[in-house]
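Okay, structure_3.txt is below, compact mmCIF, N, CA and C atoms:
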# COMPACT_ATOMS: atom_id res chain seq x y z
N LYS M 491 0.85 -1.18 0.00
CA LYS M 491 0.00 0.00 0.00
C LYS M 491 0.89 1.24 0.00
N GLY M 492 0.69 2.15 -0.94
CA GLY M 492 1.47 3.37 -0.99
C GLY M 492 2.84 3.15 -1.63
N ALA M 493 3.61 4.21 -1.66
CA ALA M 493 4.95 4.15 -2.24
C ALA M 493 5.92 3.50 -1.26
N LYS M 494 6.92 2.86 -1.80
CA LYS M 494 7.93 2.19 -0.99
C LYS M 494 9.11 3.14 -0.80
N LEU M 495 9.55 3.30 0.44
CA LEU M 495 10.66 4.19 0.75
C LEU M 495 11.87 3.35 1.16
N ASP M 496 13.00 3.55 0.47
CA ASP M 496 14.24 2.84 0.78
C ASP M 496 15.31 3.85 1.16
N TYR M 497 16.22 3.42 2.02
CA TYR M 497 17.37 4.23 2.42
C TYR M 497 18.64 3.55 1.96
N PHE M 498 19.61 4.35 1.51
CA PHE M 498 20.91 3.83 1.08
C PHE M 498 21.79 3.82 2.33
N VAL M 499 22.17 2.64 2.79
CA VAL M 499 22.83 2.46 4.08
C VAL M 499 24.30 2.10 3.91
N HIS M 500 25.15 2.84 4.64
CA HIS M 500 26.57 2.48 4.73
C HIS M 500 26.73 1.78 6.08
N TRP M 501 27.05 0.51 6.04
CA TRP M 501 27.17 -0.29 7.25
C TRP M 501 28.50 -0.03 7.94
N LYS M 502 28.46 0.22 9.23
CA LYS M 502 29.65 0.49 10.03
C LYS M 502 30.59 -0.72 9.98
N GLY M 503 31.86 -0.44 9.69
CA GLY M 503 32.86 -1.50 9.64
C GLY M 503 32.97 -2.17 8.29
N TYR M 504 32.16 -1.75 7.30
CA TYR M 504 32.20 -2.36 5.97
C TYR M 504 32.66 -1.32 4.95
N PRO M 505 33.26 -1.75 3.83
CA PRO M 505 33.71 -0.80 2.81
C PRO M 505 32.50 -0.18 2.07
N ILE M 506 32.78 0.91 1.35
CA ILE M 506 31.75 1.62 0.59
C ILE M 506 31.06 0.69 -0.41
N THR M 507 31.78 -0.27 -0.93
CA THR M 507 31.21 -1.18 -1.93
C THR M 507 30.11 -2.07 -1.33
N GLU M 508 30.00 -2.12 -0.02
CA GLU M 508 29.00 -2.96 0.64
C GLU M 508 27.74 -2.18 1.04
N ARG M 509 27.61 -0.93 0.59
CA ARG M 509 26.39 -0.16 0.87
C ARG M 509 25.19 -0.86 0.23
N THR M 510 24.05 -0.78 0.90
CA THR M 510 22.84 -1.44 0.37
C THR M 510 21.63 -0.54 0.51
N TRP M 511 20.65 -0.77 -0.35
CA TRP M 511 19.34 -0.10 -0.25
C TRP M 511 18.48 -0.95 0.67
N GLU M 512 17.96 -0.32 1.72
CA GLU M 512 17.14 -1.04 2.70
C GLU M 512 15.78 -0.38 2.82
N PRO M 513 14.70 -1.18 2.84
CA PRO M 513 13.37 -0.60 3.04
C PRO M 513 13.26 0.02 4.43
N ASP M 514 12.43 1.03 4.56
CA ASP M 514 12.33 1.75 5.83
C ASP M 514 11.94 0.84 7.00
N HIS M 515 11.17 -0.21 6.74
CA HIS M 515 10.76 -1.08 7.85
C HIS M 515 11.93 -1.92 8.39
N HIS M 516 13.03 -2.02 7.64
CA HIS M 516 14.22 -2.72 8.15
C HIS M 516 15.01 -1.84 9.12
N LEU M 517 14.71 -0.54 9.16
CA LEU M 517 15.49 0.39 9.96
C LEU M 517 14.70 0.93 11.16
N LYS M 518 13.67 0.23 11.57
CA LYS M 518 12.83 0.66 12.70
C LYS M 518 13.61 0.77 14.01
N ASN M 519 14.72 0.04 14.14
CA ASN M 519 15.52 0.10 15.37
C ASN M 519 16.52 1.25 15.36
N SER M 520 16.48 2.08 14.32
CA SER M 520 17.44 3.19 14.20
C SER M 520 16.73 4.52 13.99
N PRO M 521 15.75 4.89 14.82
CA PRO M 521 15.02 6.14 14.58
C PRO M 521 15.90 7.38 14.68
N SER M 522 16.93 7.35 15.53
CA SER M 522 17.80 8.53 15.66
C SER M 522 18.62 8.74 14.38
N LEU M 523 19.07 7.65 13.75
CA LEU M 523 19.82 7.78 12.49
C LEU M 523 18.92 8.33 11.38
N ILE M 524 17.68 7.86 11.34
CA ILE M 524 16.73 8.35 10.34
C ILE M 524 16.45 9.83 10.57
N ALA M 525 16.23 10.24 11.83
CA ALA M 525 15.96 11.64 12.16
C ALA M 525 17.15 12.52 11.80
N THR M 526 18.36 12.06 12.09
CA THR M 526 19.57 12.82 11.75
C THR M 526 19.69 12.98 10.25
N PHE M 527 19.43 11.91 9.51
CA PHE M 527 19.48 11.98 8.04
C PHE M 527 18.52 13.04 7.52
N HIS M 528 17.27 13.04 8.03
CA HIS M 528 16.27 13.99 7.51
C HIS M 528 16.56 15.42 7.97
N ARG M 529 17.22 15.60 9.10
CA ARG M 529 17.63 16.95 9.50
C ARG M 529 18.70 17.48 8.55
N LYS M 530 19.63 16.61 8.15
CA LYS M 530 20.69 17.02 7.23
C LYS M 530 20.20 17.17 5.80
N HIS M 531 19.17 16.41 5.44
CA HIS M 531 18.63 16.41 4.06
C HIS M 531 17.12 16.63 4.11
N PRO M 532 16.67 17.87 4.39
CA PRO M 532 15.23 18.11 4.55
C PRO M 532 14.40 17.88 3.28
N ALA M 533 15.03 17.95 2.12
CA ALA M 533 14.29 17.75 0.86
C ALA M 533 14.15 16.28 0.49
N ALA M 534 14.81 15.39 1.23
CA ALA M 534 14.74 13.96 0.91
C ALA M 534 13.32 13.44 1.17
N PRO M 535 12.85 12.52 0.34
CA PRO M 535 11.51 11.93 0.57
C PRO M 535 11.44 11.29 1.95
N ARG M 536 10.26 11.31 2.52
CA ARG M 536 10.06 10.70 3.84
C ARG M 536 8.65 10.18 3.94
N VAL M 537 8.43 9.33 4.90
CA VAL M 537 7.10 8.80 5.17
C VAL M 537 6.32 9.86 5.95
N ILE M 538 5.12 10.14 5.52
CA ILE M 538 4.28 11.11 6.21
C ILE M 538 3.14 10.34 6.86
N ALA M 539 2.96 10.53 8.13
CA ALA M 539 1.86 9.88 8.83
C ALA M 539 0.55 10.46 8.34
N SER M 540 -0.42 9.61 8.08
CA SER M 540 -1.70 10.10 7.57
C SER M 540 -2.39 11.00 8.58
N ALA M 541 -2.07 10.86 9.86
CA ALA M 541 -2.66 11.73 10.88
C ALA M 541 -2.16 13.16 10.74
N ALA M 542 -1.00 13.34 10.10
CA ALA M 542 -0.44 14.69 9.92
C ALA M 542 -1.13 15.43 8.78
N LEU M 543 -1.85 14.71 7.93
CA LEU M 543 -2.54 15.33 6.80
C LEU M 543 -3.95 15.72 7.23
N ARG M 544 -4.25 16.99 7.08
CA ARG M 544 -5.58 17.46 7.46
C ARG M 544 -6.51 17.42 6.26
N PHE M 545 -7.74 17.02 6.49
CA PHE M 545 -8.74 16.99 5.44
C PHE M 545 -9.21 18.40 5.16
N ARG M 546 -9.25 18.76 3.90
CA ARG M 546 -9.77 20.07 3.51
C ARG M 546 -10.94 19.83 2.57
N PRO M 547 -12.13 20.28 2.96
CA PRO M 547 -13.29 20.04 2.10
C PRO M 547 -13.14 20.73 0.75
N TYR M 548 -13.73 20.13 -0.25
CA TYR M 548 -13.70 20.67 -1.60
C TYR M 548 -14.38 22.03 -1.63
N GLU M 549 -13.73 22.98 -2.28
CA GLU M 549 -14.30 24.31 -2.45
C GLU M 549 -14.26 24.63 -3.94
N ASN M 550 -15.40 24.93 -4.50
CA ASN M 550 -15.49 25.20 -5.93
C ASN M 550 -15.13 26.65 -6.20
N PHE M 551 -14.00 26.87 -6.86
CA PHE M 551 -13.56 28.22 -7.18
C PHE M 551 -14.05 28.67 -8.56
N THR M 552 -14.78 27.81 -9.25
CA THR M 552 -15.19 28.14 -10.62
C THR M 552 -16.61 28.69 -10.70
N THR M 553 -17.34 28.68 -9.60
CA THR M 553 -18.70 29.22 -9.67
C THR M 553 -18.65 30.73 -9.82
N THR M 554 -19.56 31.25 -10.57
CA THR M 554 -19.60 32.68 -10.82
C THR M 554 -21.05 33.12 -11.01
N THR M 555 -21.29 34.37 -10.79
CA THR M 555 -22.64 34.91 -11.00
C THR M 555 -22.77 35.47 -12.41
N GLU M 556 -21.65 35.53 -13.15
CA GLU M 556 -21.70 36.04 -14.52
C GLU M 556 -22.36 35.03 -15.45
N LYS M 557 -23.03 35.57 -16.46
CA LYS M 557 -23.64 34.74 -17.48
C LYS M 557 -22.54 34.15 -18.35
N PRO M 558 -22.61 32.84 -18.68
CA PRO M 558 -21.57 32.23 -19.53
C PRO M 558 -21.49 32.89 -20.89
N ARG M 559 -20.26 33.01 -21.41
CA ARG M 559 -20.07 33.62 -22.72
C ARG M 559 -19.14 32.76 -23.56
N LEU M 560 -19.25 32.86 -24.85
CA LEU M 560 -18.36 32.18 -25.80
C LEU M 560 -17.48 33.21 -26.48
N PHE M 561 -16.28 32.81 -26.88
CA PHE M 561 -15.43 33.71 -27.65
C PHE M 561 -15.60 33.38 -29.12
N ASP M 562 -15.94 34.39 -29.91
CA ASP M 562 -16.11 34.24 -31.35
C ASP M 562 -14.79 34.59 -32.03
N TRP M 563 -14.13 33.57 -32.59
CA TRP M 563 -12.81 33.78 -33.18
C TRP M 563 -12.88 34.56 -34.49
N ILE M 564 -14.03 34.62 -35.12
CA ILE M 564 -14.16 35.37 -36.37
C ILE M 564 -14.19 36.87 -36.09
N THR M 565 -14.98 37.26 -35.09
CA THR M 565 -15.09 38.69 -34.76
C THR M 565 -14.13 39.09 -33.64
N ASN M 566 -13.48 38.11 -33.03
CA ASN M 566 -12.57 38.35 -31.91
C ASN M 566 -13.26 39.05 -30.75
N ARG M 567 -14.50 38.63 -30.46
CA ARG M 567 -15.25 39.20 -29.35
C ARG M 567 -15.98 38.09 -28.60
N PHE M 568 -16.29 38.38 -27.34
CA PHE M 568 -17.12 37.47 -26.56
C PHE M 568 -18.58 37.69 -26.91
N THR M 569 -19.34 36.59 -26.94
CA THR M 569 -20.77 36.67 -27.20
C THR M 569 -21.51 35.87 -26.14
N ASP M 570 -22.78 36.17 -25.94
CA ASP M 570 -23.60 35.40 -25.01
C ASP M 570 -23.75 33.98 -25.53
N CYS M 571 -23.96 33.03 -24.62
CA CYS M 571 -24.12 31.64 -25.03
C CYS M 571 -25.37 31.46 -25.88
N GLY M 572 -26.30 32.38 -25.77
CA GLY M 572 -27.52 32.29 -26.56
C GLY M 572 -27.27 32.57 -28.04
N ALA M 573 -26.14 33.18 -28.37
CA ALA M 573 -25.84 33.49 -29.76
C ALA M 573 -25.48 32.23 -30.51
N LYS M 574 -25.78 32.19 -31.81
CA LYS M 574 -25.46 31.00 -32.58
C LYS M 574 -23.99 31.04 -33.00
N ILE M 575 -23.42 29.87 -33.15
CA ILE M 575 -22.03 29.76 -33.58
C ILE M 575 -22.01 29.89 -35.09
N LEU M 576 -21.13 30.79 -35.58
CA LEU M 576 -21.12 31.11 -36.99
C LEU M 576 -20.25 30.17 -37.81
N GLY M 577 -19.34 29.48 -37.21
CA GLY M 577 -18.46 28.58 -37.95
C GLY M 577 -17.38 28.02 -37.05
N THR M 578 -16.52 27.19 -37.65
CA THR M 578 -15.42 26.60 -36.92
C THR M 578 -14.15 26.75 -37.72
N ARG M 579 -13.03 26.62 -37.04
CA ARG M 579 -11.72 26.64 -37.71
C ARG M 579 -10.91 25.47 -37.20
N ILE M 580 -10.01 25.01 -38.03
CA ILE M 580 -9.08 23.95 -37.60
C ILE M 580 -7.68 24.52 -37.60
Would you mind writing the structure in this file as structure tokens?
Amino acid sequence: KGAKLDYFVHWKGYPITERTWEPDHHLKNSPSLIATFHRKHPAAPRVIASAALRFRPYENFTTTTEKPRLFDWITNRFTDCGAKILGTRI
């Protein structure tokens, strides 16, 4: 469920060639190392708890009290929707 987050780990006592990608659930015993990493790299992807996301109800910004109008490309003017369309262009 959701995106998978992996960390590139350099294991203490091992050479650089032994670095591995580890899923976040393998590093649950190292919360201080994870916190230090994210403090040093604030733009790095991270897991966000769903409780931290607040629900914002939908708000329609497109409603208007103005009467709908069409743009007539032949006359280069707006016309009321009640006006007939004079033609089309491709």
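Taking only chain M, the residues that DSSP calls alpha helix (DSSP H) from the backbone come to Pro521, Ser522, Leu523, Ile524, Ala525, Thr526, Phe527, His528, Arg529 and Lys530 of chain M.
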For M:Trp511, list every protein, DNA or RNA residue within 7 Å, evaluated using only C-alpha atoms, and leave out those in the same chain fewer than 5 positions away; present the list as a ChimeraX atom specification.
-> /M:496-499
Expected file: the selected residues, N, CA and C atoms, as a short mmCIF file (atom, residue, chain, number, x, y, z; two decimals), in the coordinates of the input:
data_model
loop_
_atom_site.label_atom_id
_atom_site.label_comp_id
_atom_site.auth_asym_id
_atom_site.auth_seq_id
_atom_site.Cartn_x
_atom_site.Cartn_y
_atom_site.Cartn_z
N ASP M 496 13.00 3.55 0.47
CA ASP M 496 14.24 2.84 0.78
C ASP M 496 15.31 3.85 1.16
N TYR M 497 16.22 3.42 2.02
CA TYR M 497 17.37 4.23 2.42
C TYR M 497 18.64 3.55 1.96
N PHE M 498 19.61 4.35 1.51
CA PHE M 498 20.91 3.83 1.08
C PHE M 498 21.79 3.82 2.33
N VAL M 499 22.17 2.64 2.79
CA VAL M 499 22.83 2.46 4.08
C VAL M 499 24.30 2.10 3.91
#
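DSSP, applied to the backbone of this structure, assigns strand (DSSP E) to the following residues of chain M: Asp496, Tyr497, Phe498, Val499, Thr510, Trp511, Glu512, Pro513, Arg559, Leu560, Phe561, Asp562, Arg567, Phe568, Thr569 and Asp570 of chain M.
Put simply, atom CA of M:His500 is 26.1 Å away from atom CA of M:Ala539.
Relative to atom CA of M:Arg544, atom CA of M:Pro521 is found at 24.6 Å.
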Atom pair atom C of M:Ala534 + atom C of M:Lys494, distance 11.3 Å
